[in-house]
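J.: One structure coming up, written as structure tokens, with questions to follow.
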Amino acid sequence: MAKKIVADGEGAEHLVRIEVRGARTNGDAIQLARTIAGSQLVKTALHGCDPNWGRILAAAGRSGVRFNPDHVSVRIGDIAIFDDGTPVMTAKTEAKVAAIMRRPEYVISVTVGAGRGLGHYWTCDLGHEYVRINADYRT
């Protein structure tokens with residue numbers, strides 16, 4: 001039911017599972033996933049099918065969870081875009097990742113290399129329709 005609620009977001013086009021592995025604890029992993037999933041900049045990148053690892057890492061960095069960015073890896077679907085602290089996306093892989101991001105549902109995996117903690121959080125994109133819906137009325 002929670003997944004359906006996220007998918008039915010105002011104007012949402014993409015349902016995305018943020019998976020975090022390798023956090024110190026499961027609670028840390030969930031906190032990282034929640035913070036990434038709730039980032040407005042990440043959500044707009046999802047809408048634009050923009051594999052922006054910088055927005056993902058920026059959100060993780062403000063989560064309050066300690067980790068070493070040199071050990072972080074990010075995958076969209078099965079394609080690495082950031083590996084052990086280094087951007088690895090090429091023009092060829094960027095096109096493949098953008099194709100994955102055009103799907104209605106996909107996974108972003110973040111590995112932080114700090115332990116064995118696991119967690120996930122569902123999110124959706126935030127685009128023009130959300131703004132239109134929420135800008136056209138007064139409360």
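Ordered as shown in the structure tokens, chains take letters A, B, and onward, while each chain numbers its residues from 1 and ligands are numbered from 1 in the order shown.
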Please extract the residues of range 31-128 of chain A with a backbone DSSP assignment of alpha helix (DSSP H) and present them as a PyMOL selection string.
T.: chain A and resi 31-38+40-47+53-61+91-101+128
J.: Kindly save the residues from that selection, with C-alpha atoms included, as a short mmCIF file (atom, residue, chain, number, x, y, z; two decimals), in the first residue's frame.
T.:
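Written file, again_7.cif:
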data_model
loop_
_atom_site.label_atom_id
_atom_site.label_comp_id
_atom_site.auth_asym_id
_atom_site.auth_seq_id
_atom_site.Cartn_x
_atom_site.Cartn_y
_atom_site.Cartn_z
CA GLN A 31 18.08 7.43 7.34
CA LEU A 32 20.33 7.75 4.29
CA ALA A 33 17.66 6.32 1.98
CA ARG A 34 14.96 8.58 3.50
CA THR A 35 17.08 11.70 3.10
CA ILE A 36 17.99 10.89 -0.51
CA ALA A 37 14.36 10.03 -1.30
CA GLY A 38 13.08 13.27 0.20
CA GLN A 40 13.72 18.01 -3.87
CA LEU A 41 16.83 18.22 -6.06
CA VAL A 42 17.01 14.43 -6.37
CA LYS A 43 13.27 14.26 -7.13
CA THR A 44 13.56 16.86 -9.92
CA ALA A 45 16.58 14.99 -11.35
CA LEU A 46 14.42 11.85 -11.38
CA HIS A 47 11.77 13.75 -13.34
CA TRP A 53 25.21 11.48 -8.69
CA GLY A 54 26.14 14.83 -7.13
CA ARG A 55 22.57 15.44 -5.97
CA ILE A 56 22.37 11.92 -4.54
CA LEU A 57 25.65 12.33 -2.63
CA ALA A 58 24.73 15.83 -1.45
CA ALA A 59 21.50 14.47 0.03
CA ALA A 60 23.36 11.57 1.66
CA GLY A 61 25.88 14.03 3.09
CA ALA A 91 28.63 9.21 -22.51
CA LYS A 92 27.75 5.62 -23.40
CA THR A 93 26.66 4.64 -19.88
CA GLU A 94 24.84 7.96 -19.41
CA ALA A 95 22.57 7.15 -22.35
CA LYS A 96 21.88 3.68 -20.88
CA VAL A 97 21.16 5.13 -17.44
CA ALA A 98 18.83 7.77 -18.90
CA ALA A 99 16.91 4.96 -20.62
CA ILE A 100 16.54 3.17 -17.27
CA MET A 101 15.34 6.44 -15.69
CA HIS A 128 5.83 20.32 -13.75
#
J.: Once you count only C-alpha atoms, what closest atom pair and distance in Å to one decimal does each residue of range 6-49 of chain A within 9 Å of range 104-116 of chain A have, with rows by chain and rising residue number, as JSON lines?
T.:
{"residue": "A:Glu13", "atom": "CA", "partner": "A:Pro104", "partner_atom": "CA", "distance": 6.2}
{"residue": "A:His14", "atom": "CA", "partner": "A:Pro104", "partner_atom": "CA", "distance": 4.6}
{"residue": "A:Leu15", "atom": "CA", "partner": "A:Glu105", "partner_atom": "CA", "distance": 4.7}
{"residue": "A:Val16", "atom": "CA", "partner": "A:Tyr106", "partner_atom": "CA", "distance": 5.2}
{"residue": "A:Arg17", "atom": "CA", "partner": "A:Val107", "partner_atom": "CA", "distance": 4.8}
{"residue": "A:Ile18", "atom": "CA", "partner": "A:Ile108", "partner_atom": "CA", "distance": 5.0}
{"residue": "A:Glu19", "atom": "CA", "partner": "A:Ser109", "partner_atom": "CA", "distance": 4.7}
{"residue": "A:Val20", "atom": "CA", "partner": "A:Val110", "partner_atom": "CA", "distance": 4.8}
{"residue": "A:Arg21", "atom": "CA", "partner": "A:Thr111", "partner_atom": "CA", "distance": 4.7}
{"residue": "A:Gly22", "atom": "CA", "partner": "A:Arg116", "partner_atom": "CA", "distance": 4.6}
{"residue": "A:Ala23", "atom": "CA", "partner": "A:Gly115", "partner_atom": "CA", "distance": 4.9}
{"residue": "A:Arg24", "atom": "CA", "partner": "A:Gly115", "partner_atom": "CA", "distance": 4.2}
{"residue": "A:Thr25", "atom": "CA", "partner": "A:Arg116", "partner_atom": "CA", "distance": 6.6}
{"residue": "A:Asn26", "atom": "CA", "partner": "A:Arg116", "partner_atom": "CA", "distance": 7.7}
{"residue": "A:Ala29", "atom": "CA", "partner": "A:Val112", "partner_atom": "CA", "distance": 8.9}
{"residue": "A:Ala33", "atom": "CA", "partner": "A:Val110", "partner_atom": "CA", "distance": 8.4}
J.: Let's have the selection written as a tab-separated table (two decimals), in the first residue's frame, with C-alpha atoms.
T.:
chain	number	residue	atom	x	y	z
A	13	GLU	CA	5.77	9.65	-13.49
A	14	HIS	CA	8.49	7.52	-11.87
A	15	LEU	CA	8.45	5.27	-8.81
A	16	VAL	CA	11.99	4.78	-7.48
A	17	ARG	CA	13.31	2.53	-4.75
A	18	ILE	CA	16.35	4.00	-3.01
A	19	GLU	CA	18.40	1.11	-1.60
A	20	VAL	CA	21.28	1.72	0.78
A	21	ARG	CA	23.83	-0.95	1.62
A	22	GLY	CA	26.92	-0.97	3.75
A	23	ALA	CA	25.82	1.56	6.37
A	24	ARG	CA	27.04	1.14	9.94
A	25	THR	CA	23.52	0.09	11.06
A	26	ASN	CA	20.16	-0.63	9.46
A	29	ALA	CA	20.84	2.92	6.04
A	33	ALA	CA	17.66	6.32	1.98
J.: Got a sec: who's within 9 Å of Ala80 in chain A, counting only C-alpha atoms, leaving out chain neighbours fewer than 6 positions off, as a list in words?
T.: Ser73, Val74, Pro87, Val88, Met89, Thr93 and Val97 of chain A
J.: Store the residues picked out above in a file with C-alpha atoms, as a PDB file, in the first residue's frame.
T.:
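This went into out.pdb:
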ATOM      1  CA  SER A  73      29.222   3.789  -4.920  1.00  0.00           C
ATOM      2  CA  VAL A  74      25.976   4.619  -6.738  1.00  0.00           C
ATOM      3  CA  PRO A  87      32.480   9.344 -11.005  1.00  0.00           C
ATOM      4  CA  VAL A  88      32.525   6.555 -13.608  1.00  0.00           C
ATOM      5  CA  MET A  89      29.740   7.530 -15.973  1.00  0.00           C
ATOM      6  CA  THR A  93      26.664   4.643 -19.881  1.00  0.00           C
ATOM      7  CA  VAL A  97      21.160   5.130 -17.440  1.00  0.00           C
TER       8      VAL A  97
END
J.: Could you pull out the strand (DSSP E or B) residues of chain A, going by DSSP on the backbone, and write them as a PyMOL selection string?
T.: chain A and resi 15-23+73-76+79-83+86-87+105-111+117-124
J.: To one decimal place, how far is CA of Gly119 in chain A from CA of Phe67 in chain A in Å?
T.: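 The value is 15.0 Å.
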